[in-house]
There are 4 protein chains.
Amino acid sequence: MNAKPVIAALSDFPVITTLPIQWGDQDAFGHVNSTVPIRWFESSRVEYLLEIGMNVEAPESGIGPILASISSHYRLQLTYPDTVHIGARVAKVGRSSIDIQHAVFSEAQQAVAVEGDSVVVAYDYASQRPARVPDAIRAAIDRLQGGLGPS
Amino acid sequence: MNAKPVIAALSDFPVITTLPIQWGDQDAFGHVNSTVPIRWFESSRVEYLLEIGMNVEAPESGIGPILASISSHYRLQLTYPDTVHIGARVAKVGRSSIDIQHAVFSEAQQAVAVEGDSVVVAYDYASQRPARVPDAIRAAIDRLQGGLGPS
Amino acid sequence: MNAKPVIAALSDFPVITTLPIQWGDQDAFGHVNSTVPIRWFESSRVEYLLEIGMNVEAPESGIGPILASISSHYRLQLTYPDTVHIGARVAKVGRSSIDIQHAVFSEAQQAVAVEGDSVVVAYDYASQRPARVPDAIRAAIDRLQGGLGPS
Amino acid sequence: MNAKPVIAALSDFPVITTLPIQWGDQDAFGHVNSTVPIRWFESSRVEYLLEIGMNVEAPESGIGPILASISSHYRLQLTYPDTVHIGARVAKVGRSSIDIQHAVFSEAQQAVAVEGDSVVVAYDYASQRPARVPDAIRAAIDRLQGGLGPS
């Protein structure tokens with residue numbers, strides 16, 4: 001996964017996940033099914049969260065992430081074979097939420113094929129309530145993105 | 001699928017798809033994974049489109065649906081075993097787009113656990129361009145929903 | 001799930017799981033993808049294990065199931081829409097293994113479309129070693145199947 | 001995908017597909033779910049078939065592959081993050097069938113974690129009957145594997 005090609009369209013995304021399209025990602029339309037980019041966003045989100053030192057577990061105590069919402073815009077039809085590069089960047093940090101943007105770049109089409117958003121909430125699994133995003137996480141996002149200005 | 005229970009929370013949804021949660025729908029958090037409701041929305045969308053006489057294929061000629069975007073809001077954590085009822089209703093018909101809303105009702109929790117939207121575009125697969133939603137489809141939506149007022 | 005139709009082809013299977021085929025279960029061939037019956041076998045296996053009082057978790061201590069192998073024979077091509085009934089029965093109980101057979105009956109084709117086997121091993125997750133299938137589980141299988149003659 | 005590492009355990013496999021494990025490949029046990037290697041076998045099988053010049057479509061006329069059966073033996077539990085290398089080799093060519101063996105090598109564990117078999121049948125989709133494996137395909141397998149001795 002190192003020595004990734006430089007992709008201009010993803011230059012604003014500090015974390016890039018690279019995945020091949022599998023034949024079985026296609027549905028009866030002969031295109032990549034709409035659930036597949038949602039899985040890619042998850043992989044991208046997990047890689048970003050690990051990068052900033054966040055748990056990707058539902059811990060018995062302490063704070064873990066929980067997914068509040070996602071959205072996905074399908075710009076281009078994807079097919080097998082191809083390789084996609086999924087960018088992740090934090091657009092906004094709220095009291096307890098982190099908004100992550102994703103862009104999926106298709107090597108075969110040399111264009112962004114899917115765009116999406118994930119809203120992750122810092123969650124206290126013991127009390128089952130949202131928690132403030134810890135300062136260490138805010139600082140790690142700042143370091144990774146070069147000054148996002150967390151709220 | 002007949003003799004479905006009456007679910008007050010879904011009374012505004014003319015099409016309801018009923019599916020059991022499978023054990024394998026759960027991920028490492030022990031909850032239903034976020035991609036699974038996206039598959040449910042697809043099943044719900046397909047059932048609605050069949051109900052109004054729309055193709056659910058990518059025809060060589062003629063008009064078929066293409067998915068432009070989806071969103072999903074995760075309100076409650078779902079687990080196995082449970083049965084969900086997924087409602088679909090059209091919120092708006094544009095020139096070439098149909099906005100479909102979904103609500104997922106959990107039997108075990110007796111509450112709406114996930115809400116979402118799908119935007120489907122009427123697509124001319126021969127010319128690879130959006131097409132006007134046919135009048136017959138608009139009329140079928142009207143009949144099914146009792147006067148949505150398509151634009 | 002009660003009041004299931006009597007399916008002669010599954011009369012030897014004490015546990016029957018009923019699932020609709022979803023549109024998205026189909027792949028680019030326009031048939032149900034080969035991974036989907038493997039998920040059905042899992043659902044069927046879990047339902048059988050719960051029926052005989054076995055954990056379907058990886059417990060920190062105590063014995064849980066682990067899947068050693070599966071096989072699947074694809075007899076007929078399945079398509080959406082359809083409803084399948086997946087039968088599970090224990091063929092053999094060894095020292096630490098339970099062999100489960102599956103048959104998938106298609107309502108649309110009125111025939112068994114897929115057959116398969118799962119080998120489940122009773123596993124001591126604390127010591128990370130296979131364990132003897134507990135007597136209570138053996139007795140429960142006997143009761144459910146009416147005298148299989150566990151070894 | 002070029003410049004793959006040399007993996008001694010896969011030296012008998014002429015086609016090797018490399019895939020990262022995604023977080024979402026894990027199930028509620030916290031291990032890669034048993035359906036996931038079945039998808040890997042599919043990807044591996046498709047790559048092998050493309051390599052020998054076989055269609056991976058269900059053609060309206062002419063011969064395409066159809067999957068008759070699969071089996072999978074789960075040797076080691078896999079977890080995220082990891083990268084797997086899936087080897088494919090033809091073990092036997094019959095009149096109308098091709099037996100393909102798979103081995104999944106885990107980078108993290110430096111061992112084969114899953115082994116499996118796929119039986120692919122050359123299928124005449126027009127007549128809906130098995131067909132003889134074409135001579136060109138037999139010759140391509142021979143070239144790729146260095147003399148398998150097709151039957």
# chains A, B, ... in the order shown; residues from 1 in each chain; ligands from 1
$ calpha_fit_and_write --fixed "chain C" --moving "chain A" --output "PDB file with C-alpha atoms, in the first residue's frame"
ATOM      1  CA  MET A   1     -42.042 -17.443  10.505  1.00  0.00           C
ATOM      2  CA  ASN A   2     -44.646 -19.756  12.004  1.00  0.00           C
ATOM      3  CA  ALA A   3     -47.226 -21.581   9.974  1.00  0.00           C
ATOM      4  CA  LYS A   4     -44.644 -22.472   7.355  1.00  0.00           C
ATOM      5  CA  PRO A   5     -45.829 -24.423   4.368  1.00  0.00           C
ATOM      6  CA  VAL A   6     -45.129 -28.141   4.519  1.00  0.00           C
ATOM      7  CA  ILE A   7     -42.332 -28.876   2.057  1.00  0.00           C
ATOM      8  CA  ALA A   8     -42.015 -32.564   1.298  1.00  0.00           C
ATOM      9  CA  ALA A   9     -38.451 -32.200   0.016  1.00  0.00           C
ATOM     10  CA  LEU A  10     -37.391 -30.892   3.445  1.00  0.00           C
ATOM     11  CA  SER A  11     -39.306 -33.381   5.591  1.00  0.00           C
ATOM     12  CA  ASP A  12     -36.067 -34.823   7.034  1.00  0.00           C
ATOM     13  CA  PHE A  13     -34.858 -31.404   8.178  1.00  0.00           C
ATOM     14  CA  PRO A  14     -35.981 -30.503  11.711  1.00  0.00           C
ATOM     15  CA  VAL A  15     -35.016 -26.820  11.373  1.00  0.00           C
ATOM     16  CA  ILE A  16     -36.184 -24.738   8.396  1.00  0.00           C
ATOM     17  CA  THR A  17     -35.239 -21.085   7.856  1.00  0.00           C
ATOM     18  CA  THR A  18     -37.284 -19.054   5.375  1.00  0.00           C
ATOM     19  CA  LEU A  19     -35.778 -16.090   3.543  1.00  0.00           C
ATOM     20  CA  PRO A  20     -36.790 -14.003   0.535  1.00  0.00           C
ATOM     21  CA  ILE A  21     -34.268 -13.579  -2.254  1.00  0.00           C
ATOM     22  CA  GLN A  22     -33.289  -9.914  -2.473  1.00  0.00           C
ATOM     23  CA  TRP A  23     -32.705  -8.233  -5.839  1.00  0.00           C
ATOM     24  CA  GLY A  24     -29.157  -7.427  -4.763  1.00  0.00           C
ATOM     25  CA  ASP A  25     -28.376 -11.096  -4.142  1.00  0.00           C
ATOM     26  CA  GLN A  26     -27.965 -11.362  -7.907  1.00  0.00           C
ATOM     27  CA  ASP A  27     -24.628 -10.790  -9.599  1.00  0.00           C
ATOM     28  CA  ALA A  28     -23.610  -9.732 -13.108  1.00  0.00           C
ATOM     29  CA  PHE A  29     -24.836 -13.093 -14.470  1.00  0.00           C
ATOM     30  CA  GLY A  30     -28.343 -12.138 -13.319  1.00  0.00           C
ATOM     31  CA  HIS A  31     -28.430 -15.112 -10.919  1.00  0.00           C
ATOM     32  CA  VAL A  32     -28.081 -15.360  -7.159  1.00  0.00           C
ATOM     33  CA  ASN A  33     -24.350 -15.110  -6.459  1.00  0.00           C
ATOM     34  CA  SER A  34     -22.553 -18.178  -5.100  1.00  0.00           C
ATOM     35  CA  THR A  35     -21.674 -16.442  -1.820  1.00  0.00           C
ATOM     36  CA  VAL A  36     -25.348 -15.935  -0.952  1.00  0.00           C
ATOM     37  CA  PRO A  37     -26.200 -19.591  -0.171  1.00  0.00           C
ATOM     38  CA  ILE A  38     -23.125 -19.633   2.106  1.00  0.00           C
ATOM     39  CA  ARG A  39     -24.768 -16.828   4.093  1.00  0.00           C
ATOM     40  CA  TRP A  40     -28.039 -18.824   4.060  1.00  0.00           C
ATOM     41  CA  PHE A  41     -26.188 -21.888   5.419  1.00  0.00           C
ATOM     42  CA  GLU A  42     -24.826 -19.664   8.198  1.00  0.00           C
ATOM     43  CA  SER A  43     -28.307 -18.429   9.087  1.00  0.00           C
ATOM     44  CA  SER A  44     -29.595 -21.998   9.007  1.00  0.00           C
ATOM     45  CA  ARG A  45     -26.667 -23.253  11.122  1.00  0.00           C
ATOM     46  CA  VAL A  46     -27.143 -20.507  13.717  1.00  0.00           C
ATOM     47  CA  GLU A  47     -30.862 -21.291  13.959  1.00  0.00           C
ATOM     48  CA  TYR A  48     -30.080 -25.003  14.481  1.00  0.00           C
ATOM     49  CA  LEU A  49     -27.405 -24.270  17.106  1.00  0.00           C
ATOM     50  CA  LEU A  50     -29.729 -21.951  19.027  1.00  0.00           C
ATOM     51  CA  GLU A  51     -32.396 -24.665  18.890  1.00  0.00           C
ATOM     52  CA  ILE A  52     -30.055 -27.149  20.648  1.00  0.00           C
ATOM     53  CA  GLY A  53     -28.930 -24.618  23.239  1.00  0.00           C
ATOM     54  CA  MET A  54     -25.495 -23.848  21.846  1.00  0.00           C
ATOM     55  CA  ASN A  55     -23.918 -20.450  22.176  1.00  0.00           C
ATOM     56  CA  VAL A  56     -23.489 -18.596  18.916  1.00  0.00           C
ATOM     57  CA  GLU A  57     -20.769 -16.418  20.321  1.00  0.00           C
ATOM     58  CA  ALA A  58     -17.057 -16.637  20.823  1.00  0.00           C
ATOM     59  CA  PRO A  59     -17.236 -16.655  24.634  1.00  0.00           C
ATOM     60  CA  GLU A  60     -14.267 -15.459  26.691  1.00  0.00           C
ATOM     61  CA  SER A  61     -14.530 -18.690  28.629  1.00  0.00           C
ATOM     62  CA  GLY A  62     -16.534 -21.817  27.941  1.00  0.00           C
ATOM     63  CA  ILE A  63     -17.316 -23.542  24.677  1.00  0.00           C
ATOM     64  CA  GLY A  64     -18.562 -21.942  21.485  1.00  0.00           C
ATOM     65  CA  PRO A  65     -18.834 -23.128  17.904  1.00  0.00           C
ATOM     66  CA  ILE A  66     -16.202 -22.564  15.250  1.00  0.00           C
ATOM     67  CA  LEU A  67     -16.712 -23.335  11.579  1.00  0.00           C
ATOM     68  CA  ALA A  68     -14.160 -25.815  10.226  1.00  0.00           C
ATOM     69  CA  SER A  69     -15.395 -26.208   6.668  1.00  0.00           C
ATOM     70  CA  ILE A  70     -18.294 -25.790   4.315  1.00  0.00           C
ATOM     71  CA  SER A  71     -19.245 -27.088   0.901  1.00  0.00           C
ATOM     72  CA  SER A  72     -21.975 -26.079  -1.508  1.00  0.00           C
ATOM     73  CA  HIS A  73     -23.411 -27.722  -4.604  1.00  0.00           C
ATOM     74  CA  TYR A  74     -25.306 -25.429  -6.944  1.00  0.00           C
ATOM     75  CA  ARG A  75     -28.018 -27.478  -8.658  1.00  0.00           C
ATOM     76  CA  LEU A  76     -30.302 -24.795 -10.127  1.00  0.00           C
ATOM     77  CA  GLN A  77     -29.870 -21.124 -10.931  1.00  0.00           C
ATOM     78  CA  LEU A  78     -31.863 -18.892  -8.599  1.00  0.00           C
ATOM     79  CA  THR A  79     -33.267 -15.472  -9.464  1.00  0.00           C
ATOM     80  CA  TYR A  80     -35.221 -12.603  -7.867  1.00  0.00           C
ATOM     81  CA  PRO A  81     -38.040 -12.681  -6.891  1.00  0.00           C
ATOM     82  CA  ASP A  82     -38.298 -15.948  -4.996  1.00  0.00           C
ATOM     83  CA  THR A  83     -38.463 -17.273  -1.443  1.00  0.00           C
ATOM     84  CA  VAL A  84     -36.165 -20.020  -0.228  1.00  0.00           C
ATOM     85  CA  HIS A  85     -36.560 -22.477   2.638  1.00  0.00           C
ATOM     86  CA  ILE A  86     -33.240 -23.688   4.033  1.00  0.00           C
ATOM     87  CA  GLY A  87     -33.307 -26.992   5.894  1.00  0.00           C
ATOM     88  CA  ALA A  88     -30.691 -27.998   8.486  1.00  0.00           C
ATOM     89  CA  ARG A  89     -30.125 -31.423   9.992  1.00  0.00           C
ATOM     90  CA  VAL A  90     -27.232 -33.013  11.838  1.00  0.00           C
ATOM     91  CA  ALA A  91     -25.745 -35.914   9.882  1.00  0.00           C
ATOM     92  CA  LYS A  92     -23.095 -36.928  12.406  1.00  0.00           C
ATOM     93  CA  VAL A  93     -21.728 -35.961  15.802  1.00  0.00           C
ATOM     94  CA  GLY A  94     -18.049 -36.734  16.353  1.00  0.00           C
ATOM     95  CA  ARG A  95     -15.926 -36.174  19.442  1.00  0.00           C
ATOM     96  CA  SER A  96     -15.666 -32.444  18.906  1.00  0.00           C
ATOM     97  CA  SER A  97     -17.402 -31.925  15.570  1.00  0.00           C
ATOM     98  CA  ILE A  98     -20.987 -31.653  14.350  1.00  0.00           C
ATOM     99  CA  ASP A  99     -21.722 -32.212  10.650  1.00  0.00           C
ATOM    100  CA  ILE A 100     -24.749 -30.250   9.477  1.00  0.00           C
ATOM    101  CA  GLN A 101     -26.425 -30.770   6.107  1.00  0.00           C
ATOM    102  CA  HIS A 102     -28.376 -28.039   4.338  1.00  0.00           C
ATOM    103  CA  ALA A 103     -30.863 -28.108   1.477  1.00  0.00           C
ATOM    104  CA  VAL A 104     -32.279 -24.934  -0.107  1.00  0.00           C
ATOM    105  CA  PHE A 105     -35.766 -25.288  -1.560  1.00  0.00           C
ATOM    106  CA  SER A 106     -36.906 -22.709  -4.112  1.00  0.00           C
ATOM    107  CA  GLU A 107     -40.608 -21.833  -3.998  1.00  0.00           C
ATOM    108  CA  ALA A 108     -40.575 -20.569  -7.592  1.00  0.00           C
ATOM    109  CA  GLN A 109     -38.979 -23.740  -8.956  1.00  0.00           C
ATOM    110  CA  GLN A 110     -40.507 -26.147  -6.410  1.00  0.00           C
ATOM    111  CA  ALA A 111     -37.181 -27.957  -6.174  1.00  0.00           C
ATOM    112  CA  VAL A 112     -33.997 -28.142  -4.123  1.00  0.00           C
ATOM    113  CA  ALA A 113     -31.669 -25.625  -5.771  1.00  0.00           C
ATOM    114  CA  VAL A 114     -28.578 -25.816  -3.526  1.00  0.00           C
ATOM    115  CA  GLU A 115     -27.230 -28.447  -1.146  1.00  0.00           C
ATOM    116  CA  GLY A 116     -24.400 -28.044   1.308  1.00  0.00           C
ATOM    117  CA  ASP A 117     -22.574 -29.127   4.432  1.00  0.00           C
ATOM    118  CA  SER A 118     -21.117 -27.287   7.385  1.00  0.00           C
ATOM    119  CA  VAL A 119     -18.685 -28.828   9.867  1.00  0.00           C
ATOM    120  CA  VAL A 120     -18.889 -27.058  13.210  1.00  0.00           C
ATOM    121  CA  VAL A 121     -16.327 -27.736  15.936  1.00  0.00           C
ATOM    122  CA  ALA A 122     -16.988 -27.257  19.642  1.00  0.00           C
ATOM    123  CA  TYR A 123     -14.192 -24.913  20.593  1.00  0.00           C
ATOM    124  CA  ASP A 124     -12.783 -23.871  23.931  1.00  0.00           C
ATOM    125  CA  TYR A 125     -12.039 -20.211  23.218  1.00  0.00           C
ATOM    126  CA  ALA A 126     -10.027 -19.824  26.441  1.00  0.00           C
ATOM    127  CA  SER A 127      -7.513 -22.566  25.606  1.00  0.00           C
ATOM    128  CA  GLN A 128      -7.991 -22.119  21.827  1.00  0.00           C
ATOM    129  CA  ARG A 129      -8.488 -25.857  21.348  1.00  0.00           C
ATOM    130  CA  PRO A 130     -11.284 -28.151  20.191  1.00  0.00           C
ATOM    131  CA  ALA A 131     -13.434 -29.521  23.028  1.00  0.00           C
ATOM    132  CA  ARG A 132     -15.717 -32.517  23.345  1.00  0.00           C
ATOM    133  CA  VAL A 133     -19.287 -31.774  22.249  1.00  0.00           C
ATOM    134  CA  PRO A 134     -21.091 -31.445  25.612  1.00  0.00           C
ATOM    135  CA  ASP A 135     -23.563 -34.188  26.563  1.00  0.00           C
ATOM    136  CA  ALA A 136     -26.375 -31.656  26.885  1.00  0.00           C
ATOM    137  CA  ILE A 137     -25.861 -30.680  23.242  1.00  0.00           C
ATOM    138  CA  ARG A 138     -25.778 -34.343  22.160  1.00  0.00           C
ATOM    139  CA  ALA A 139     -29.016 -34.974  24.022  1.00  0.00           C
ATOM    140  CA  ALA A 140     -30.666 -31.902  22.485  1.00  0.00           C
ATOM    141  CA  ILE A 141     -29.715 -33.056  18.969  1.00  0.00           C
ATOM    142  CA  ASP A 142     -31.171 -36.493  19.752  1.00  0.00           C
ATOM    143  CA  ARG A 143     -34.405 -34.953  20.985  1.00  0.00           C
ATOM    144  CA  LEU A 144     -34.682 -32.660  17.962  1.00  0.00           C
ATOM    145  CA  GLN A 145     -33.916 -35.326  15.386  1.00  0.00           C
ATOM    146  CA  GLY A 146     -35.543 -38.280  17.115  1.00  0.00           C
ATOM    147  CA  GLY A 147     -32.525 -40.493  17.647  1.00  0.00           C
ATOM    148  CA  LEU A 148     -29.563 -39.754  15.454  1.00  0.00           C
ATOM    149  CA  GLY A 149     -27.286 -41.988  17.480  1.00  0.00           C
ATOM    150  CA  PRO A 150     -24.414 -39.657  18.390  1.00  0.00           C
ATOM    151  CA  SER A 151     -20.997 -41.273  18.414  1.00  0.00           C
TER     152      SER A 151
END
$ select_by_dssp --residues "chain A" --states "alpha helix (DSSP H)" --output "PyMOL selection string"
chain A and resi 36-51+135-145
